[in-house]
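Notes follow once the structure below has been shown.
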Amino acid sequence: MLSNTTTKKESIKYYSISKKLKRNKLITEDFEVMLNNLSLEEIIALKLELASKIVRGKIYGLNIYNTLPAIAKDAAIKYAISACRTKKNAAAMLGISYRRLKQLQQQYNIYGYFDEEEPEEEL
């Protein structure tokens, strides 16, 4: 149930990236434990290494260095949406305005990512 200070318009439904990935059988509890022991830098480097194995180490021309900020921002927005009770709180967590968050939600199609998943409840 929403508190008196939170309007229905600004509230965020509860989304969980972990539950979405588990439901799609992409991760397990054991994987989460192992992942938690790695630094973010190690996770990114490992993901890049694994991606390069598919193309035998030739991931040239992908402009990885310049693409990383957008990838990190997408991840941070998804996390803020899943972790905060309101969009205003999510914007504050990210250090951006509420208006900017709304723009980024559309730019990164944040709710499209969660569309497959039914929100558990409204916070």
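So you can find residues: chains in the structure tokens are A, B, ... in the order shown, residues in each start at 1, and ligands are numbered from 1 in order.
Residues in contact with Ile96 of chain A at 12 Å, where only C-alpha atoms are counted and same-chain residues fewer than 6 positions away are skipped, are listed as Lys73, Ala76, Ile77, Ala80, Lys87, Lys88, Asn89, Ala90, Lys102, Gln103 and Leu104 of chain A.
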Could those residues be written to a file, using C-alpha atoms, as an mmCIF file, in the first residue's frame?
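Dumped everything to result.cif:
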data_model
loop_
_atom_site.group_PDB
_atom_site.id
_atom_site.type_symbol
_atom_site.label_atom_id
_atom_site.label_comp_id
_atom_site.auth_asym_id
_atom_site.auth_seq_id
_atom_site.Cartn_x
_atom_site.Cartn_y
_atom_site.Cartn_z
ATOM 1 C CA LYS A 73 24.171 3.782 -17.136
ATOM 2 C CA ALA A 76 22.434 1.646 -12.948
ATOM 3 C CA ILE A 77 18.978 2.768 -14.085
ATOM 4 C CA ALA A 80 17.577 2.071 -9.248
ATOM 5 C CA LYS A 87 10.734 7.260 -9.315
ATOM 6 C CA LYS A 88 11.789 10.377 -7.406
ATOM 7 C CA ASN A 89 13.869 8.204 -5.056
ATOM 8 C CA ALA A 90 15.367 6.390 -8.055
ATOM 9 C CA LYS A 102 11.758 9.699 -17.316
ATOM 10 C CA GLN A 103 13.771 10.535 -20.454
ATOM 11 C CA LEU A 104 16.317 7.817 -19.712
#
Task: Ser16 of chain A surroundings by only C-alpha atoms, 6 Å radius, close-in-sequence under 2 positions cut, as a ChimeraX atom specification - done: /A:18-19,82
Selection file, N, CA and C atoms, as an mmCIF file, in the first residue's frame:
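The result, written out as result-v1.cif:
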data_model
loop_
_atom_site.group_PDB
_atom_site.id
_atom_site.type_symbol
_atom_site.label_atom_id
_atom_site.label_comp_id
_atom_site.auth_asym_id
_atom_site.auth_seq_id
_atom_site.Cartn_x
_atom_site.Cartn_y
_atom_site.Cartn_z
ATOM 1 N N SER A 18 17.137 -10.077 -10.452
ATOM 2 C CA SER A 18 17.507 -11.438 -10.057
ATOM 3 C C SER A 18 16.377 -12.424 -10.352
ATOM 4 N N LYS A 19 15.158 -12.087 -9.953
ATOM 5 C CA LYS A 19 14.028 -12.995 -10.187
ATOM 6 C C LYS A 19 13.755 -13.175 -11.671
ATOM 7 N N SER A 82 14.626 -1.009 -9.728
ATOM 8 C CA SER A 82 14.279 -2.208 -8.961
ATOM 9 C C SER A 82 14.477 -2.013 -7.457
#
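In this model, the gap between atom CA of Lys22 of chain A and atom CA of Gln105 of chain A comes to 23.2 Å.
The coordinates place atom CA of Asp115 of chain A at 18.5 Å from atom CA of Ile27 of chain A.
In this structure, atom CA of Val33 of chain A sits 16.1 Å away from atom CA of Leu46 of chain A.
Counting only C-alpha atoms, the residue from A:Leu94, A:Gln106, A:Tyr113, A:Ala72 that sits nearest to Glu41 of chain A is A:Ala72.
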Mind listing the alpha helix (DSSP H) residues of chain A, per DSSP on the backbone, as a PDB file with C-alpha atoms, in the first residue's frame?
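Saved result, part18.pdb, follows:
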ATOM      1  CA  ILE A  17      16.436  -8.344 -11.995  1.00  0.00           C
ATOM      2  CA  SER A  18      17.507 -11.438 -10.057  1.00  0.00           C
ATOM      3  CA  LYS A  19      14.028 -12.995 -10.187  1.00  0.00           C
ATOM      4  CA  LYS A  20      13.694 -12.202 -13.895  1.00  0.00           C
ATOM      5  CA  LEU A  21      16.998 -13.925 -14.690  1.00  0.00           C
ATOM      6  CA  LYS A  22      16.158 -16.912 -12.483  1.00  0.00           C
ATOM      7  CA  ARG A  23      12.714 -17.250 -14.064  1.00  0.00           C
ATOM      8  CA  GLU A  29      21.376 -19.066  -6.402  1.00  0.00           C
ATOM      9  CA  ASP A  30      24.863 -20.592  -6.603  1.00  0.00           C
ATOM     10  CA  PHE A  31      25.758 -18.310  -9.502  1.00  0.00           C
ATOM     11  CA  GLU A  32      24.635 -15.273  -7.493  1.00  0.00           C
ATOM     12  CA  VAL A  33      26.896 -16.301  -4.602  1.00  0.00           C
ATOM     13  CA  MET A  34      29.908 -16.693  -6.904  1.00  0.00           C
ATOM     14  CA  LEU A  35      29.121 -13.440  -8.731  1.00  0.00           C
ATOM     15  CA  ASN A  36      28.928 -11.570  -5.441  1.00  0.00           C
ATOM     16  CA  LEU A  40      32.416  -5.130 -10.962  1.00  0.00           C
ATOM     17  CA  GLU A  41      35.608  -4.711 -12.974  1.00  0.00           C
ATOM     18  CA  GLU A  42      36.214  -8.469 -12.912  1.00  0.00           C
ATOM     19  CA  ILE A  43      32.638  -9.145 -14.002  1.00  0.00           C
ATOM     20  CA  ILE A  44      32.910  -6.749 -16.954  1.00  0.00           C
ATOM     21  CA  ALA A  45      36.320  -8.115 -17.989  1.00  0.00           C
ATOM     22  CA  LEU A  46      35.055 -11.703 -17.743  1.00  0.00           C
ATOM     23  CA  LYS A  47      31.947 -10.886 -19.789  1.00  0.00           C
ATOM     24  CA  LEU A  48      34.125  -9.303 -22.485  1.00  0.00           C
ATOM     25  CA  GLU A  49      36.465 -12.312 -22.461  1.00  0.00           C
ATOM     26  CA  LEU A  50      33.571 -14.744 -22.797  1.00  0.00           C
ATOM     27  CA  ALA A  51      32.032 -12.695 -25.600  1.00  0.00           C
ATOM     28  CA  SER A  52      35.332 -12.664 -27.453  1.00  0.00           C
ATOM     29  CA  LYS A  53      35.618 -16.474 -27.268  1.00  0.00           C
ATOM     30  CA  ILE A  54      32.541 -16.772 -29.468  1.00  0.00           C
ATOM     31  CA  ILE A  64      33.970  -1.136 -26.415  1.00  0.00           C
ATOM     32  CA  TYR A  65      35.684   1.720 -24.617  1.00  0.00           C
ATOM     33  CA  ASN A  66      33.188   4.331 -25.805  1.00  0.00           C
ATOM     34  CA  THR A  67      30.177   2.045 -25.335  1.00  0.00           C
ATOM     35  CA  LEU A  68      30.885   1.161 -21.686  1.00  0.00           C
ATOM     36  CA  PRO A  69      29.426   4.358 -20.174  1.00  0.00           C
ATOM     37  CA  ALA A  70      26.058   3.685 -21.840  1.00  0.00           C
ATOM     38  CA  ILE A  71      26.120   0.062 -20.664  1.00  0.00           C
ATOM     39  CA  ALA A  72      26.921   1.127 -17.096  1.00  0.00           C
ATOM     40  CA  LYS A  73      24.171   3.782 -17.136  1.00  0.00           C
ATOM     41  CA  ASP A  74      21.629   1.248 -18.397  1.00  0.00           C
ATOM     42  CA  ALA A  75      22.573  -1.117 -15.572  1.00  0.00           C
ATOM     43  CA  ALA A  76      22.434   1.646 -12.948  1.00  0.00           C
ATOM     44  CA  ILE A  77      18.978   2.768 -14.085  1.00  0.00           C
ATOM     45  CA  LYS A  78      17.644  -0.799 -14.008  1.00  0.00           C
ATOM     46  CA  TYR A  79      19.035  -1.229 -10.508  1.00  0.00           C
ATOM     47  CA  ALA A  80      17.577   2.071  -9.248  1.00  0.00           C
ATOM     48  CA  ILE A  81      14.154   1.185 -10.650  1.00  0.00           C
ATOM     49  CA  SER A  82      14.279  -2.208  -8.961  1.00  0.00           C
ATOM     50  CA  ALA A  83      15.646  -0.892  -5.640  1.00  0.00           C
ATOM     51  CA  LYS A  87      10.734   7.260  -9.315  1.00  0.00           C
ATOM     52  CA  LYS A  88      11.789  10.377  -7.406  1.00  0.00           C
ATOM     53  CA  ASN A  89      13.869   8.204  -5.056  1.00  0.00           C
ATOM     54  CA  ALA A  90      15.367   6.390  -8.055  1.00  0.00           C
ATOM     55  CA  ALA A  91      16.297   9.731  -9.620  1.00  0.00           C
ATOM     56  CA  ALA A  92      17.845  10.899  -6.345  1.00  0.00           C
ATOM     57  CA  MET A  93      19.842   7.657  -6.054  1.00  0.00           C
ATOM     58  CA  LEU A  94      21.196   8.221  -9.550  1.00  0.00           C
ATOM     59  CA  TYR A  98      12.991  13.163 -12.056  1.00  0.00           C
ATOM     60  CA  ARG A  99      12.474  14.554 -15.552  1.00  0.00           C
ATOM     61  CA  ARG A 100      15.838  13.183 -16.704  1.00  0.00           C
ATOM     62  CA  LEU A 101      14.966   9.759 -15.277  1.00  0.00           C
ATOM     63  CA  LYS A 102      11.758   9.699 -17.316  1.00  0.00           C
ATOM     64  CA  GLN A 103      13.771  10.535 -20.454  1.00  0.00           C
ATOM     65  CA  LEU A 104      16.317   7.817 -19.712  1.00  0.00           C
ATOM     66  CA  GLN A 105      13.598   5.237 -19.033  1.00  0.00           C
ATOM     67  CA  GLN A 106      12.406   5.741 -22.598  1.00  0.00           C
ATOM     68  CA  GLN A 107      15.904   5.982 -24.095  1.00  0.00           C
ATOM     69  CA  ILE A 110      13.854   0.166 -18.995  1.00  0.00           C
ATOM     70  CA  TYR A 111      10.304  -1.065 -18.567  1.00  0.00           C
ATOM     71  CA  GLY A 112      10.595  -3.053 -21.792  1.00  0.00           C
ATOM     72  CA  TYR A 113      13.313  -5.052 -20.057  1.00  0.00           C
ATOM     73  CA  PHE A 114      10.946  -5.884 -17.226  1.00  0.00           C
TER      74      PHE A 114
END
- [ ] Report the residues of chain A whose backbone DSSP state falls under strand (DSSP E or B), written as a PyMOL selection string.
- [x] chain A and resi 11+13+86+122
Written selection (N, CA and C atoms) as a PDB file, in the first residue's frame:
ATOM      1  N   SER A  11       4.908   6.185  -8.019  1.00  0.00           N
ATOM      2  CA  SER A  11       5.336   4.935  -7.404  1.00  0.00           C
ATOM      3  C   SER A  11       5.921   3.994  -8.462  1.00  0.00           C
ATOM      4  N   LYS A  13       6.466  -0.065  -9.416  1.00  0.00           N
ATOM      5  CA  LYS A  13       6.100  -1.434  -9.108  1.00  0.00           C
ATOM      6  C   LYS A  13       7.367  -2.198  -8.775  1.00  0.00           C
ATOM      7  N   THR A  86      10.023   4.861  -5.182  1.00  0.00           N
ATOM      8  CA  THR A  86       9.416   5.838  -6.082  1.00  0.00           C
ATOM      9  C   THR A  86      10.407   6.229  -7.171  1.00  0.00           C
ATOM     10  N   GLU A 122       2.926  -3.391  -5.873  1.00  0.00           N
ATOM     11  CA  GLU A 122       3.295  -2.001  -5.948  1.00  0.00           C
ATOM     12  C   GLU A 122       3.825  -1.587  -4.603  1.00  0.00           C
TER      13      GLU A 122
END
